[in-house]
Structure formats: structure tokens, C-alpha cells
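One structure is given below, encoded as C-alpha cells.
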Amino acid sequence: MSYQSYSDWHLAGSFILFGFLKYCHLRLLRLGSQKPFYSSKLWWFGIILMGTGEIGNFAAYGFASVMLVAPLGNVAVIGSAVISVLFLKEYIRSEGILGGTVTMAGTFLVVTFAPRVTQEVTARKIQNDLVNWQFLIYVILAVIAFCILLYFHKRKKVNHIVILLTMVAVLASLNVVSVKAVATMITLSVRGNMQLTYPVFYIMLILMAVTCAFQVKFLNEAMKLYGAEEVIPMNYIFFSISAIVAGAIFYQEFRGTGLLSGFMFLFGCFLSFVGVFILTRKKGKECLRSFYIDYGHIPGKEMRSKIQPDSTSLSYGSLCNEGDSVKTQS
């Protein structure tokens, strides 16, 4: 099976999960069920998809370059938008179509012009690369930057989104190096070239677990303080840049790449960044669309449509400004 197939598993599992989980919650609300969400078969189906996706993500690093796998996370955003339209009955916006088109164009360029790395990443090679002066300088700079950011975050109580997601990106750069190393050594061992007896395998395994845990910690802090429309595009951009830089330094994935191919690859990444930003851009505030309990007239608001959902729809009543209705009537 090719590395693109493994990567597709990851993308499918990641974006379908969130769509199915949200659909499951809305379905239980519509049916008036008092059962916990984890009693739903649909919820467990989403969890299984997530596990399948993460296994595919891990396996992809064993077959493909970091520069190819990391930017393909943009497909998860497109898939999430498609699931929202098909299952959650959300409206198709012109910005969504534009963002999806730009993102797919960027994905095509990334896949077409991504560096084709033919080197075999063995345990001995990883040991040598760990003491390479280029990587050592990169690690020293990354540790210094992380410590400075952590100081401002913990001591000075600076919770700016750039601070939090930059720390996530610094950890991600070391995480992708360790993930690819572990995945590649396991792949070679399965093929008969045993690599699991080398101490560097367990060093990379520990590094992978530690960096992953702290990534989740700081990413959760960012999600608590900021909206998904801000965190998702910035985290994707920061993560992709850090992964590309780490792959170029540690695995030397840009070696032998032509000038035109390198430019088209970076241009594809740029289009992917722009497309994801458009897709996740905050929607207009002209109308609040969410379910609510009516306790009477709310000053400055009027009821539109119905409050309770009907038996065949997941949509609820909505509130909008009275001034809008006056303008409409006039």
C-alpha cells in the first residue's frame, strides 16, 4: 500500500470524526433522548474512524517525507466543511467554495512538487543525524525560543494566541522528527531489517510521547481562550512551517530538489494556507442560529421562524436584530 493511501486514512478519520460526533449530539437532542452521547453507535463509529485516521497518520510518516504529509492536513478542513453540509445541514457559502478551490489547488501543487526522498532512514543514520551540527543548532535555538515563550506565558501571564501556537509549533517540529524516526524504524523492522534493538528507537519514542502530550496541553489552552476560526488556520500554518523546516534540517528533504520544484512546492503550501484561512474565516454576525429556550420577548430582538425543531429537520429558530426586520418591512 502506498504512502498516499495511509495519508488518506488519516485525513478521512480526522475530519469525519468531528462531523459525526456533532451530528450525533444534534440527533440525540432532536429525539429528546436522555441517554449519554457515548451510548450512541454513531458516536463510537466516529471514535473508530479517529483511531483509524491516527494509525494512518503515523504510518504515513514511515513511507513519505515530512514535507508531504504535514501540509496535507488541509484536506481535513475541506472534509469537515463537506460533512457539515451533508450531515449538519449547514449552508454552502461562496467563501467556502472559494476556500475549498484554493486549498485543493494548493494540495495538488504540494503533492506534485513535494521532494521525493529516496534515502533509507535507519537507526544508525538517525544516531548520526542527531549529532549533526545543523540539527544541534536548530535544537538549541528551538529550546531557547520555547523557554522565552514559556516564561512570558507562565510568569507574565501573556496568553496571546501567537505565543501559545508558537510553542505548539516548536514542539511539533521535534515531534514530527521523532514520529518519522519511530515509524520508519518500525517499518524497516517489519520488513526484516531489525531496528528496535537500538537505544535511539526508545529515545525517539519517549521524545514523541512527551512532545505530543505538551502539544495537546498548549493547544487546549488556545482553544479555551480563542475560537476555532482563529486557532485552526493559525495552528495549521505554524505546524506546517515548523514541520517543513524540521524535515529540511534533520532529514535534508530539500536536497536534490530543483529550483522550480521547490518554488512550486512552497507556492502550493502558500495556497493551502490561504485556502484554509478562507474556509475557517468567521461567519457574518447578521443572524444568530442556535437552539434556545424562549422566556419571552428579548429587547432588541424578534423571533424568526420556529423555536422547536420539527421531526425532519435539525434546524432551530433564530434571532435577528429588530432593526433588520424594520428595514425589510420598509
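Letters A, B, ... mark the chains of the C-alpha cells in the order given; residue numbers begin at 1 per chain; ligand numbers begin at 1, in order shown.
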If you count only C-alpha atoms, which residues fall within 8 Å of Ala228 in chain A, apart from same-chain ones fewer than 4 positions away, as a short mmCIF file (atom, residue, chain, number, x, y, z; two decimals) with N, CA and C atoms, in the first residue's frame?
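Wrote it out as around_26.cif, contents follow:
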```cif
data_model
loop_
_atom_site.label_atom_id
_atom_site.label_comp_id
_atom_site.auth_asym_id
_atom_site.auth_seq_id
_atom_site.Cartn_x
_atom_site.Cartn_y
_atom_site.Cartn_z
N MET A 223 -7.52 26.75 22.61
CA MET A 223 -8.92 26.53 22.26
C MET A 223 -9.86 27.09 23.34
N ILE A 232 -7.63 27.11 14.37
CA ILE A 232 -7.43 26.09 13.34
C ILE A 232 -6.50 26.57 12.22
N THR A 280 -12.06 28.73 7.17
CA THR A 280 -12.34 28.82 8.60
C THR A 280 -12.62 30.25 9.05
#
```
Based on the backbone DSSP call, show me all residues of range 28-262 of chain A assigned helix (DSSP H, G or I), as a ChimeraX atom specification. /A:28-31,37-39,41-63,66-86,94-113,123-130,133-154,161-190,199-225,228-250,259-262
At a cut-off of 12 Å, using only C-alpha atoms, what residues contact Phe135 in chain A? Leave out same-chain residues fewer than 3 positions from it and give the result as a ChimeraX atom specification. /A:126-132,138-142,173-174,177,245-252
Which residues of range 94-143 of chain A come within 10 Å of range 56-73 of chain A, and what is each one's closest atom pair and distance in Å (one decimal), counting only C-alpha atoms, sorted by chain and residue number, as JSON lines?
```
{"residue": "A:Thr103", "atom": "CA", "partner": "A:Leu72", "partner_atom": "CA", "distance": 9.9}
{"residue": "A:Met104", "atom": "CA", "partner": "A:Leu72", "partner_atom": "CA", "distance": 9.9}
{"residue": "A:Gly106", "atom": "CA", "partner": "A:Pro71", "partner_atom": "CA", "distance": 9.4}
{"residue": "A:Thr107", "atom": "CA", "partner": "A:Leu72", "partner_atom": "CA", "distance": 6.7}
{"residue": "A:Phe108", "atom": "CA", "partner": "A:Leu72", "partner_atom": "CA", "distance": 9.8}
{"residue": "A:Val110", "atom": "CA", "partner": "A:Leu68", "partner_atom": "CA", "distance": 6.9}
{"residue": "A:Val111", "atom": "CA", "partner": "A:Leu68", "partner_atom": "CA", "distance": 6.6}
{"residue": "A:Thr112", "atom": "CA", "partner": "A:Leu68", "partner_atom": "CA", "distance": 9.6}
{"residue": "A:Phe113", "atom": "CA", "partner": "A:Leu68", "partner_atom": "CA", "distance": 9.2}
{"residue": "A:Ala114", "atom": "CA", "partner": "A:Leu68", "partner_atom": "CA", "distance": 5.9}
{"residue": "A:Pro115", "atom": "CA", "partner": "A:Met67", "partner_atom": "CA", "distance": 7.4}
{"residue": "A:Arg116", "atom": "CA", "partner": "A:Ser65", "partner_atom": "CA", "distance": 7.4}
{"residue": "A:Val117", "atom": "CA", "partner": "A:Ser65", "partner_atom": "CA", "distance": 6.5}
{"residue": "A:Thr118", "atom": "CA", "partner": "A:Ser65", "partner_atom": "CA", "distance": 9.3}
{"residue": "A:Val121", "atom": "CA", "partner": "A:Gly62", "partner_atom": "CA", "distance": 9.2}
```
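CA of Phe201 in chain A is found 15.2 Å from CA of Glu120 in chain A.
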Taking 5 positions as the minimum chain separation for residues in the same chain, which residues sit within 7 Å of range 122-125 of chain A when counting only C-alpha atoms? Answer as an mmCIF file with N, CA, C and O atoms, in the first residue's frame.
```
data_model
loop_
_atom_site.group_PDB
_atom_site.id
_atom_site.type_symbol
_atom_site.label_atom_id
_atom_site.label_comp_id
_atom_site.auth_asym_id
_atom_site.auth_seq_id
_atom_site.Cartn_x
_atom_site.Cartn_y
_atom_site.Cartn_z
ATOM 1 N N MET A 185 11.612 3.198 11.575
ATOM 2 C CA MET A 185 12.307 2.062 12.178
ATOM 3 C C MET A 185 11.380 0.872 12.366
ATOM 4 O O MET A 185 11.790 -0.286 12.206
ATOM 5 N N GLN A 195 15.406 -2.866 13.691
ATOM 6 C CA GLN A 195 15.907 -1.589 14.186
ATOM 7 C C GLN A 195 15.522 -1.335 15.640
ATOM 8 O O GLN A 195 16.005 -0.358 16.237
ATOM 9 N N TYR A 198 18.094 -0.887 18.828
ATOM 10 C CA TYR A 198 18.941 0.291 19.020
ATOM 11 C C TYR A 198 18.329 1.218 20.079
ATOM 12 O O TYR A 198 17.109 1.466 20.063
ATOM 13 N N VAL A 200 18.391 4.343 20.258
ATOM 14 C CA VAL A 200 17.838 5.560 19.676
ATOM 15 C C VAL A 200 16.347 5.402 19.378
ATOM 16 O O VAL A 200 15.595 6.397 19.394
#
```
